[in-house]
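Asker: Pasting model37.tsv here (TSV, C-alpha atoms):
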chain	number	residue	atom	x	y	z
A	1	MET	CA	-89.90	87.91	59.91
A	2	THR	CA	-86.90	86.29	58.23
A	3	GLN	CA	-85.47	88.36	55.37
A	4	SER	CA	-82.33	87.60	53.42
A	5	THR	CA	-80.54	88.25	50.15
A	6	PHE	CA	-78.08	85.72	48.74
A	7	THR	CA	-76.33	84.66	45.54
A	8	VAL	CA	-76.85	81.11	44.29
A	9	THR	CA	-73.74	78.94	44.29
A	10	GLN	CA	-72.87	76.26	41.77
A	11	LYS	CA	-73.80	73.56	44.29
A	12	GLU	CA	-77.22	75.16	44.84
A	13	SER	CA	-77.98	75.70	41.16
A	14	GLY	CA	-81.07	73.87	39.88
A	15	THR	CA	-82.70	73.60	43.32
A	16	ARG	CA	-86.29	74.76	43.83
A	17	ILE	CA	-86.26	78.04	45.73
A	18	ASP	CA	-88.58	76.79	48.50
A	19	VAL	CA	-86.34	73.76	49.03
A	20	LEU	CA	-83.24	75.96	49.02
A	21	CYS	CA	-84.76	78.33	51.58
A	22	ALA	CA	-85.71	75.44	53.86
A	23	GLN	CA	-82.08	74.29	53.66
A	24	LYS	CA	-80.64	77.74	54.33
A	25	PHE	CA	-83.09	78.57	57.13
A	26	PRO	CA	-83.77	75.29	58.98
A	27	ASP	CA	-85.88	77.02	61.64
A	28	ILE	CA	-88.59	77.55	59.00
A	29	SER	CA	-90.14	74.49	57.36
A	30	ARG	CA	-90.50	74.02	53.61
A	31	THR	CA	-94.27	73.93	54.11
A	32	ARG	CA	-94.17	77.37	55.64
A	33	TRP	CA	-91.92	78.68	52.84
A	34	GLN	CA	-94.47	77.35	50.35
A	35	LYS	CA	-97.43	78.95	52.11
A	36	GLN	CA	-95.93	82.17	53.47
A	37	GLY	CA	-92.68	82.77	51.60
A	38	MET	CA	-92.07	85.57	49.11
A	39	PHE	CA	-89.33	85.18	46.51
A	40	PHE	CA	-87.64	87.74	44.25
A	41	CYS	CA	-84.93	86.99	41.71
A	42	ASP	CA	-83.02	89.98	40.35
A	43	GLY	CA	-85.97	92.17	41.38
A	44	GLN	CA	-88.67	89.98	39.78
A	45	LYS	CA	-91.24	88.17	41.93
A	46	LYS	CA	-91.11	84.39	41.50
A	47	LYS	CA	-93.25	81.40	42.50
A	48	ASN	CA	-92.09	78.96	45.16
A	49	ASN	CA	-91.39	76.25	42.57
A	50	ALA	CA	-88.95	78.37	40.55
A	51	LYS	CA	-85.50	76.86	40.22
A	52	ALA	CA	-82.52	78.88	41.36
A	53	GLN	CA	-79.62	79.16	38.93
A	54	ILE	CA	-75.96	79.86	39.57
A	55	ASP	CA	-75.02	83.51	40.21
A	56	GLN	CA	-78.64	84.66	40.49
A	57	GLN	CA	-79.33	87.05	43.35
A	58	TRP	CA	-82.43	86.17	45.38
A	59	SER	CA	-84.24	88.16	48.04
A	60	VAL	CA	-86.57	86.10	50.22
A	61	GLU	CA	-88.76	86.67	53.24
A	62	CYS	CA	-91.09	84.60	55.40
A	63	GLU	CA	-93.07	85.04	58.59
A	64	GLU	CA	-91.62	82.98	61.41
A	65	GLU	CA	-93.81	80.90	63.65
A	66	THR	CA	-92.95	78.88	66.69
A	67	LEU	CA	-94.08	75.33	66.04
A	68	ILE	CA	-96.59	73.88	68.44
A	69	SER	CA	-96.72	70.13	68.94
A	70	THR	CA	-100.00	68.22	68.92
A	71	THR	CA	-99.29	67.24	72.50
A	72	ASP	CA	-99.15	70.93	73.42
A	73	ILE	CA	-102.79	71.48	72.46
A	74	GLU	CA	-104.59	71.46	75.77
A	75	PRO	CA	-108.34	70.80	75.57
A	76	TRP	CA	-110.42	73.82	76.56
A	77	ASP	CA	-113.87	73.20	77.98
A	78	PHE	CA	-115.65	75.87	75.95
A	79	PRO	CA	-118.86	74.75	74.19
A	80	LEU	CA	-118.93	75.55	70.49
A	81	LYS	CA	-122.24	75.95	68.67
A	82	VAL	CA	-122.51	73.75	65.58
A	83	LEU	CA	-124.51	75.45	62.83
A	84	ALA	CA	-124.48	72.51	60.40
A	85	GLU	CA	-122.77	69.15	60.18
A	86	SER	CA	-122.18	66.20	57.86
A	87	LYS	CA	-120.14	63.03	58.21
A	88	SER	CA	-116.94	64.79	57.11
A	89	TRP	CA	-117.34	68.49	57.96
A	90	MET	CA	-119.08	70.93	60.27
A	91	VAL	CA	-119.64	74.65	60.43
A	92	ILE	CA	-119.33	76.18	63.87
A	93	GLU	CA	-120.25	79.59	65.26
A	94	LYS	CA	-116.99	81.37	66.10
A	95	PRO	CA	-117.43	83.88	68.94
A	96	GLU	CA	-115.67	87.22	68.60
A	97	GLY	CA	-112.55	87.77	70.68
A	98	ILE	CA	-111.20	84.23	70.36
A	99	SER	CA	-108.17	83.31	68.25
A	100	ILE	CA	-108.45	80.42	65.82
A	101	HIS	CA	-105.34	78.55	66.96
A	102	PRO	CA	-102.42	78.79	69.39
A	103	SER	CA	-99.58	81.01	68.19
A	104	PRO	CA	-96.61	82.93	69.58
A	105	SER	CA	-98.99	85.85	70.20
A	106	ASP	CA	-101.65	83.71	71.88
A	107	ARG	CA	-100.49	80.92	74.16
A	108	SER	CA	-103.54	81.19	76.42
A	109	GLY	CA	-104.84	77.73	75.58
A	110	HIS	CA	-108.21	79.39	74.99
A	111	THR	CA	-108.50	79.21	71.19
A	112	ILE	CA	-110.94	77.60	68.77
A	113	VAL	CA	-108.50	74.73	68.24
A	114	ASN	CA	-108.31	74.06	71.99
A	115	ALA	CA	-112.12	74.05	72.17
A	116	LEU	CA	-112.41	71.76	69.12
A	117	VAL	CA	-109.97	69.27	70.64
A	118	HIS	CA	-112.01	69.20	73.86
A	119	GLN	CA	-115.40	68.88	72.15
A	120	PHE	CA	-114.57	66.58	69.23
A	121	GLY	CA	-111.30	64.88	70.17
A	122	LYS	CA	-109.85	62.89	67.29
A	123	LYS	CA	-112.83	63.53	64.99
A	124	LEU	CA	-110.87	66.28	63.25
A	125	SER	CA	-108.53	66.47	60.27
A	126	SER	CA	-104.80	66.72	60.88
A	127	MET	CA	-103.37	67.94	57.57
A	128	ASP	CA	-100.43	69.95	58.88
A	129	GLU	CA	-98.27	67.87	61.17
A	130	GLU	CA	-95.65	70.61	61.56
A	131	VAL	CA	-98.04	73.27	62.83
A	132	PRO	CA	-101.02	71.29	64.15
A	133	ARG	CA	-104.35	73.03	63.60
A	134	PRO	CA	-106.81	70.14	63.73
A	135	GLY	CA	-109.87	70.74	61.59
A	136	ILE	CA	-108.93	74.27	60.54
A	137	VAL	CA	-109.57	74.80	56.82
A	138	HIS	CA	-109.60	78.61	56.89
A	139	ARG	CA	-109.34	81.38	59.45
A	140	LEU	CA	-111.22	84.36	60.79
A	141	ASP	CA	-109.61	87.25	62.64
A	142	LYS	CA	-109.76	87.09	66.42
A	143	VAL	CA	-112.12	90.07	66.41
A	144	THR	CA	-114.47	88.52	63.83
A	145	SER	CA	-117.44	86.31	64.69
A	146	GLY	CA	-119.46	83.94	62.52
A	147	ALA	CA	-119.40	80.82	60.36
A	148	LEU	CA	-116.20	78.78	60.40
A	149	LEU	CA	-115.83	75.61	58.32
A	150	VAL	CA	-114.09	72.68	60.05
A	151	ALA	CA	-112.97	69.42	58.42
A	152	LYS	CA	-113.36	66.09	60.19
A	153	THR	CA	-111.21	64.06	57.80
A	154	ASN	CA	-107.98	64.68	55.90
A	155	ALA	CA	-109.68	63.80	52.60
A	156	THR	CA	-112.32	66.48	53.14
A	157	HIS	CA	-109.73	68.97	54.35
A	158	LYS	CA	-107.72	68.46	51.16
A	159	TYR	CA	-110.85	68.62	48.97
A	160	LEU	CA	-111.98	71.90	50.51
A	161	GLN	CA	-108.54	73.47	50.16
A	162	GLU	CA	-108.33	72.41	46.51
A	163	HIS	CA	-111.79	73.88	45.81
A	164	TRP	CA	-111.46	76.96	48.02
A	165	THR	CA	-111.66	79.37	45.07
A	166	GLU	CA	-115.25	78.15	44.58
A	167	VAL	CA	-116.26	79.08	48.13
A	168	ILE	CA	-118.42	82.21	48.49
A	169	LYS	CA	-117.85	84.06	51.77
A	170	THR	CA	-120.36	86.70	52.82
A	171	TYR	CA	-119.65	89.05	55.72
A	172	PHE	CA	-121.58	91.83	57.41
A	173	ALA	CA	-119.89	94.97	58.68
A	174	VAL	CA	-121.06	98.18	60.32
A	175	VAL	CA	-119.01	101.18	59.21
A	176	THR	CA	-118.99	104.86	60.05
A	177	GLY	CA	-120.34	107.07	57.27
A	178	THR	CA	-122.28	106.40	54.08
A	179	PRO	CA	-120.31	104.57	51.37
A	180	PRO	CA	-121.53	104.33	47.76
A	181	GLN	CA	-124.47	101.90	47.37
A	182	LYS	CA	-122.16	99.34	45.80
A	183	GLY	CA	-118.42	99.22	45.40
A	184	LYS	CA	-115.34	97.21	44.53
A	185	ILE	CA	-112.02	97.73	46.29
A	186	GLU	CA	-108.82	96.47	44.71
A	187	GLY	CA	-105.49	96.92	46.41
A	188	GLY	CA	-102.50	94.81	47.33
A	189	ILE	CA	-102.05	94.04	51.01
A	190	LEU	CA	-98.72	93.92	52.82
A	191	ARG	CA	-97.67	93.92	56.46
A	192	ASP	CA	-97.38	97.48	57.75
A	193	THR	CA	-93.70	98.38	57.97
A	194	ARG	CA	-94.38	100.73	60.91
A	195	ASP	CA	-96.49	98.29	62.93
A	196	ARG	CA	-95.94	94.55	62.44
A	197	LYS	CA	-99.34	93.77	64.01
A	198	LYS	CA	-101.15	95.64	61.24
A	199	MET	CA	-101.58	95.22	57.49
A	200	ALA	CA	-101.65	98.01	54.90
A	201	VAL	CA	-102.77	98.62	51.33
A	202	SER	CA	-99.65	98.79	49.19
A	203	SER	CA	-98.67	99.10	45.52
A	204	SER	CA	-95.43	97.24	46.24
A	205	GLU	CA	-94.78	94.20	44.07
A	206	LYS	CA	-94.29	92.33	47.34
A	207	SER	CA	-97.94	92.90	48.29
A	208	LYS	CA	-100.59	90.21	47.79
A	209	SER	CA	-103.45	91.13	45.46
A	210	ALA	CA	-106.87	91.45	47.08
A	211	THR	CA	-110.40	92.31	45.96
A	212	THR	CA	-113.35	93.27	48.15
A	213	PHE	CA	-116.97	93.83	47.03
A	214	PHE	CA	-119.45	95.64	49.25
A	215	GLU	CA	-123.08	96.74	49.19
A	216	VAL	CA	-124.96	99.00	51.59
A	217	ILE	CA	-128.00	97.14	52.91
A	218	GLU	CA	-129.08	99.60	55.59
A	219	LYS	CA	-128.26	103.18	56.61
A	220	ARG	CA	-128.40	103.93	60.34
A	221	GLY	CA	-127.80	107.59	61.08
A	222	ASP	CA	-124.04	108.10	60.94
A	223	THR	CA	-123.32	104.39	60.29
A	224	SER	CA	-124.10	101.90	57.53
A	225	LEU	CA	-124.57	98.12	57.49
A	226	LEU	CA	-122.69	96.51	54.62
A	227	LYS	CA	-122.76	93.12	52.97
A	228	VAL	CA	-119.22	92.20	51.94
A	229	ASN	CA	-117.81	89.46	49.70
A	230	ILE	CA	-114.13	88.63	49.30
A	231	PRO	CA	-112.98	86.30	46.49
A	232	THR	CA	-109.50	86.59	48.04
A	233	GLY	CA	-108.76	86.08	51.72
A	234	ARG	CA	-105.82	88.15	52.92
A	235	THR	CA	-105.03	88.90	56.55
A	236	HIS	CA	-107.30	91.71	57.83
A	237	GLN	CA	-108.48	92.24	54.23
A	238	ILE	CA	-111.98	93.64	54.84
A	239	ARG	CA	-110.79	95.81	57.72
A	240	VAL	CA	-107.85	97.25	55.76
A	241	HIS	CA	-109.75	97.82	52.51
A	242	LEU	CA	-112.74	99.56	54.11
A	243	SER	CA	-110.45	101.75	56.19
A	244	ALA	CA	-108.44	102.63	53.08
A	245	ILE	CA	-111.51	104.15	51.37
A	246	GLY	CA	-112.50	106.08	54.49
A	247	PHE	CA	-115.20	103.83	55.96
A	248	SER	CA	-113.61	102.04	58.93
A	249	ILE	CA	-115.50	99.31	60.75
A	250	VAL	CA	-117.08	100.39	64.02
A	251	GLY	CA	-114.99	99.14	66.95
A	252	ASP	CA	-111.90	98.51	64.82
A	253	THR	CA	-109.63	101.08	66.45
A	254	LYS	CA	-106.59	99.34	64.93
A	255	TYR	CA	-107.79	100.64	61.56
A	256	LYS	CA	-109.22	104.04	62.58
A	257	GLY	CA	-112.66	102.76	63.56
A	258	LYS	CA	-114.60	104.58	66.26
A	259	PRO	CA	-114.55	102.84	69.66
A	260	SER	CA	-117.18	100.21	70.46
A	261	GLU	CA	-117.47	97.15	72.71
A	262	ARG	CA	-116.47	94.92	69.78
A	263	VAL	CA	-115.43	95.08	66.14
A	264	LEU	CA	-118.66	94.91	64.14
A	265	LEU	CA	-117.55	92.35	61.55
A	266	HIS	CA	-119.40	89.03	61.18
A	267	ALA	CA	-118.98	86.07	58.82
A	268	GLY	CA	-122.64	85.61	57.94
A	269	LYS	CA	-122.70	82.95	55.24
A	270	LEU	CA	-120.58	80.24	53.64
A	271	GLU	CA	-121.38	78.58	50.31
A	272	PHE	CA	-119.04	75.72	49.48
A	273	PRO	CA	-118.83	72.57	47.33
A	274	ASP	CA	-119.84	69.68	49.58
A	275	PRO	CA	-117.55	66.64	49.23
A	276	ASP	CA	-120.31	64.48	50.73
A	277	LYS	CA	-122.67	65.51	47.91
A	278	LYS	CA	-120.31	65.17	44.95
A	279	GLY	CA	-119.48	68.87	44.98
A	280	GLU	CA	-123.03	70.19	45.20
A	281	MET	CA	-123.02	73.66	46.75
A	282	THR	CA	-124.05	73.78	50.40
A	283	VAL	CA	-125.09	76.99	52.14
A	284	VAL	CA	-124.69	77.59	55.88
A	285	GLU	CA	-125.72	80.85	57.53
A	286	SER	CA	-124.91	82.42	60.87
A	287	THR	CA	-127.42	84.78	62.46
A	288	MET	CA	-126.26	88.36	62.72
A	289	PRO	CA	-125.36	89.23	66.35
A	290	ARG	CA	-127.75	91.45	68.29
A	291	ASP	CA	-125.14	94.17	68.77
A	292	PHE	CA	-125.14	94.75	65.02
Could you express the structure from this file as C-alpha cells?
Answerer:
Amino acid sequence: MTQSTFTVTQKESGTRIDVLCAQKFPDISRTRWQKQGMFFCDGQKKKNNAKAQIDQQWSVECEEETLISTTDIEPWDFPLKVLAESKSWMVIEKPEGISIHPSPSDRSGHTIVNALVHQFGKKLSSMDEEVPRPGIVHRLDKVTSGALLVAKTNATHKYLQEHWTEVIKTYFAVVTGTPPQKGKIEGGILRDTRDRKKMAVSSSEKSKSATTFFEVIEKRGDTSLLKVNIPTGRTHQIRVHLSAIGFSIVGDTKYKGKPSERVLLHAGKLEFPDPDKKGEMTVVESTMPRDF
C-alpha cells in the first residue's frame, strides 16, 4: 500500500490528481490510480479526475501490484468447464480454491488466467496491457466457486464493463445460525488495518460503499442456505457483510466461520446484457455444488 500526503506546487497546479499521482509515484500506473486510488483534498474525498490546485494538501493511497507481463503467463493444462458461450463471450465454471489471475500473493502459475491461456489461446480479450488478465471482466474470490464471465474480444470486454451496473449476480451461501427471512446489509468496506489480507466494515469516509441483499431459502438445523445479491462488488463483500451481522459463512474461518472443507459460497447465476443480442439480457446458471 502506497500512502502519501503532499502539498501541490505551482508547477503541479491544474493537473488531474490521477495524472499527478502517476508522476509522483512512477511504480504505480495511472490506470491503477484510476481503478484503485483514493484521493482526499483538505480532508474531503475526491474523484480521480479532480484537478489539483496550488497549496492544496492531498492525501492519497493505492494498492501496489507487481506488474506481470503477458509473456509471463504460462499456460496451465487445467480443463475449464464452459457453461455457455457465444461468438464474443463465455461463462465458465470457476472451481473453488483457484485464484483468478497471477499476483504477488499467487505466483503458482495455476490460476484461471493460466488455464484460459492454455485452453483458448489468443481467443481472449486483452484490455489491460499493463496488468494482463486476458478475458477477465470481473473476479471471484479464490475460495468462491461458480459462474465467471469471460470476454473473447476487446469490444465485448469494454461493453460489459460499461454495462456492469446492469448485471445481476446471484450467489448461494451456507451460514451458521438463522438470519431473518430477508435482509439488506449496508456498510462501507475498507481493508482491515490489523490484517492486510482481510477486509472490514467501516464508517470511515475512506471506505467503499456496499450493499448486500439476502434471503433464506432453506433452514438446515444449525445452518441456513441463503440466496444473496450484490449490486456492488467489493472485495470479500458477501463474506464481510454476513460476518458483520453475526452469520458467518461455513468454512470461512478468515471471517469467523466454523471450519469446513471449503468456504460454502457459490456464484450461482449471472444475468447480463448480451452484446451479441443488442443488449438483450442473457441468463447463465451454475449448478450448486454437492457439498452445499
Asker: Quick one: residues within 7 Å of stretch 206-214 of chain A, all atoms listed in the file counted, chain neighbours fewer than 4 positions away excluded, as an MDAnalysis selection string?
Answerer: chainID A and resid 182:190 202 226:232 234 238
Asker: Select from stretch 157-264 of chain A every residue with an atom at most 7 Å from any atom of stretch 129-144 of chain A, then for each give the shortest pair of atoms and their distance in Å to one decimal, using only C-alpha atoms, rows by chain and rising number, as CSV.
Answerer:
residue,atom,partner,partner_atom,distance
A:His157,CA,A:Val137,CA,6.3
A:Gln161,CA,A:Val137,CA,6.9
A:His236,CA,A:Asp141,CA,7.0
A:Val263,CA,A:Val143,CA,6.0
Asker: Please, could you write that set of residues out with C-alpha atoms as a short mmCIF file (atom, residue, chain, number, x, y, z; two decimals), in the frame of the given file?
Answerer:
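See selection-v1.cif below for the written result:
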data_model
loop_
_atom_site.label_atom_id
_atom_site.label_comp_id
_atom_site.auth_asym_id
_atom_site.auth_seq_id
_atom_site.Cartn_x
_atom_site.Cartn_y
_atom_site.Cartn_z
CA HIS A 157 -109.73 68.97 54.35
CA GLN A 161 -108.54 73.47 50.16
CA HIS A 236 -107.30 91.71 57.83
CA VAL A 263 -115.43 95.08 66.14
#
Asker: Which residues, protein or nucleic acid, reach to within 10 Å of (-107.1, 96.1, 56.3) in the file's coordinates when using all atoms listed in the file, and can you give that as a PDB file with C-alpha atoms, keeping the file's coordinate frame?
Answerer:
ATOM      1  CA  ILE A 189    -102.050  94.040  51.010  1.00  0.00           C
ATOM      2  CA  LEU A 190     -98.720  93.920  52.820  1.00  0.00           C
ATOM      3  CA  ARG A 191     -97.670  93.920  56.460  1.00  0.00           C
ATOM      4  CA  ASP A 192     -97.380  97.480  57.750  1.00  0.00           C
ATOM      5  CA  LYS A 198    -101.150  95.640  61.240  1.00  0.00           C
ATOM      6  CA  MET A 199    -101.580  95.220  57.490  1.00  0.00           C
ATOM      7  CA  ALA A 200    -101.650  98.010  54.900  1.00  0.00           C
ATOM      8  CA  VAL A 201    -102.770  98.620  51.330  1.00  0.00           C
ATOM      9  CA  ARG A 234    -105.820  88.150  52.920  1.00  0.00           C
ATOM     10  CA  THR A 235    -105.030  88.900  56.550  1.00  0.00           C
ATOM     11  CA  HIS A 236    -107.300  91.710  57.830  1.00  0.00           C
ATOM     12  CA  GLN A 237    -108.480  92.240  54.230  1.00  0.00           C
ATOM     13  CA  ILE A 238    -111.980  93.640  54.840  1.00  0.00           C
ATOM     14  CA  ARG A 239    -110.790  95.810  57.720  1.00  0.00           C
ATOM     15  CA  VAL A 240    -107.850  97.250  55.760  1.00  0.00           C
ATOM     16  CA  HIS A 241    -109.750  97.820  52.510  1.00  0.00           C
ATOM     17  CA  LEU A 242    -112.740  99.560  54.110  1.00  0.00           C
ATOM     18  CA  SER A 243    -110.450 101.750  56.190  1.00  0.00           C
ATOM     19  CA  ALA A 244    -108.440 102.630  53.080  1.00  0.00           C
ATOM     20  CA  SER A 248    -113.610 102.040  58.930  1.00  0.00           C
ATOM     21  CA  LYS A 254    -106.590  99.340  64.930  1.00  0.00           C
ATOM     22  CA  TYR A 255    -107.790 100.640  61.560  1.00  0.00           C
TER      23      TYR A 255
END
Asker: For a quick check of understanding, using only C-alpha atoms, which of A:Thr5, A:Val167, A:Glu205, A:Tyr159 has the smallest distance to A:Lys278?
Answerer: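 Nearest candidate to A:Lys278 out of A:Thr5, A:Val167, A:Glu205, A:Tyr159: A:Tyr159.
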Asker: Report, in Å to a single decimal, how far apart atom CA of A:Ser286 and atom CA of A:Thr178 are.
Answerer: 25.1 Å
Asker: Measure the distance from atom CA of A:Arg107 to atom CA of A:Ser125 in Å and round it to one decimal.
Answerer: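 Interatomic distance, atom CA of A:Arg107 to atom CA of A:Ser125: 21.6 Å.
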Asker: Could you give me, as an mmCIF file with C-alpha atoms, in the coordinates of the input, the residues that sit within 10 Å of (-120.3, 82.6, 49.8) in the file's coordinates, counting all atoms listed in the file?
Answerer:
data_model
loop_
_atom_site.group_PDB
_atom_site.id
_atom_site.type_symbol
_atom_site.label_atom_id
_atom_site.label_comp_id
_atom_site.auth_asym_id
_atom_site.auth_seq_id
_atom_site.Cartn_x
_atom_site.Cartn_y
_atom_site.Cartn_z
ATOM 1 C CA GLU A 166 -115.250 78.150 44.580
ATOM 2 C CA VAL A 167 -116.260 79.080 48.130
ATOM 3 C CA ILE A 168 -118.420 82.210 48.490
ATOM 4 C CA LYS A 169 -117.850 84.060 51.770
ATOM 5 C CA THR A 170 -120.360 86.700 52.820
ATOM 6 C CA TYR A 171 -119.650 89.050 55.720
ATOM 7 C CA VAL A 228 -119.220 92.200 51.940
ATOM 8 C CA ASN A 229 -117.810 89.460 49.700
ATOM 9 C CA ILE A 230 -114.130 88.630 49.300
ATOM 10 C CA PRO A 231 -112.980 86.300 46.490
ATOM 11 C CA ALA A 267 -118.980 86.070 58.820
ATOM 12 C CA GLY A 268 -122.640 85.610 57.940
ATOM 13 C CA LYS A 269 -122.700 82.950 55.240
ATOM 14 C CA LEU A 270 -120.580 80.240 53.640
ATOM 15 C CA GLU A 271 -121.380 78.580 50.310
ATOM 16 C CA PHE A 272 -119.040 75.720 49.480
ATOM 17 C CA MET A 281 -123.020 73.660 46.750
ATOM 18 C CA THR A 282 -124.050 73.780 50.400
ATOM 19 C CA VAL A 283 -125.090 76.990 52.140
ATOM 20 C CA VAL A 284 -124.690 77.590 55.880
ATOM 21 C CA GLU A 285 -125.720 80.850 57.530
#
Asker: Which residue gives the smallest distance to A:Ser105 among A:Arg16, A:Lys45, A:Lys197, A:Lys51, with all atoms listed in the file counted?
Answerer: A:Lys197
Asker: Taking 5 positions as the minimum chain separation for residues in the same chain, which residues sit within 8 Å of stretch 108-123 of chain A when counting all atoms listed in the file? Answer as a list in words.
Answerer: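 Neighbouring residues, sequence-local ones excluded: Ile73, Glu74, Pro75, Trp76, Asp77, Phe78, Pro79, Leu80, Lys94, Ile98, Ser99, Ile100, His101, Pro102, Arg133, Pro134, Gly135, Ile136, Lys152 and Thr153 of chain A.
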Asker: Would you compute an axis-aligned box for stretch 32-42 of chain A, covering every atom listed for it in the file with 4 Å of margin on each side, and report centre and edge lengths in Å to one decimal as AutoDock Vina command-line options?
Answerer:
--center_x -90.2 --center_y 83.7 --center_z 48.0 --size_x 22.4 --size_y 20.6 --size_z 23.3
Asker: Measuring atom to atom with all atoms listed in the file, identify which of A:Glu63, A:Glu12, A:Asp252, A:Asp55 is nearest to A:Ser29.
Answerer: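 The shortest atom-to-atom distance to A:Ser29 comes from A:Glu63.
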Asker: What's around A:Gln44 at 12 Å? Count all atoms listed in the file, leave out sequence neighbours fewer than 5 positions away in its own chain, and write the answer as a PyMOL selection string.
Answerer: chain A and resi 38-39+50+56-60+204-206
Asker: Those residues you just picked out, can you put them in a file as a PDB file, in the coordinates of the input with C-alpha atoms?
Answerer:
ATOM      1  CA  MET A  38     -92.070  85.570  49.110  1.00  0.00           C
ATOM      2  CA  PHE A  39     -89.330  85.180  46.510  1.00  0.00           C
ATOM      3  CA  ALA A  50     -88.950  78.370  40.550  1.00  0.00           C
ATOM      4  CA  GLN A  56     -78.640  84.660  40.490  1.00  0.00           C
ATOM      5  CA  GLN A  57     -79.330  87.050  43.350  1.00  0.00           C
ATOM      6  CA  TRP A  58     -82.430  86.170  45.380  1.00  0.00           C
ATOM      7  CA  SER A  59     -84.240  88.160  48.040  1.00  0.00           C
ATOM      8  CA  VAL A  60     -86.570  86.100  50.220  1.00  0.00           C
ATOM      9  CA  SER A 204     -95.430  97.240  46.240  1.00  0.00           C
ATOM     10  CA  GLU A 205     -94.780  94.200  44.070  1.00  0.00           C
ATOM     11  CA  LYS A 206     -94.290  92.330  47.340  1.00  0.00           C
TER      12      LYS A 206
END
Asker: Could you work out how far atom CA of A:Met1 lies from atom CA of A:Arg196, giving the answer in Å with one decimal?
Answerer: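 Straight-line distance from atom CA of A:Arg196 to atom CA of A:Met1 works out to 9.3 Å.
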Asker: Which residue, A:Phe172, A:Trp33, A:Trp89, A:Phe6, has the smallest gap to A:Leu160 when you use all atoms listed in the file?
Answerer: A:Trp89
Asker: In terms of the shortest atom-to-atom distance over all atoms listed in the file, which of A:Val174, A:Val82, A:Val150, A:Met288 is closest to A:Gly221?
Answerer: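 Ranking A:Val174, A:Val82, A:Val150, A:Met288 by distance to A:Gly221, first place goes to A:Val174.
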Asker: Point out the residue among A:Asp274, A:Glu218, A:Asp291, A:Glu280 with the least atom-to-atom distance to A:Ser260, counting only C-alpha atoms.
Answerer: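 Under the stated criterion, the closest residue is A:Asp291.
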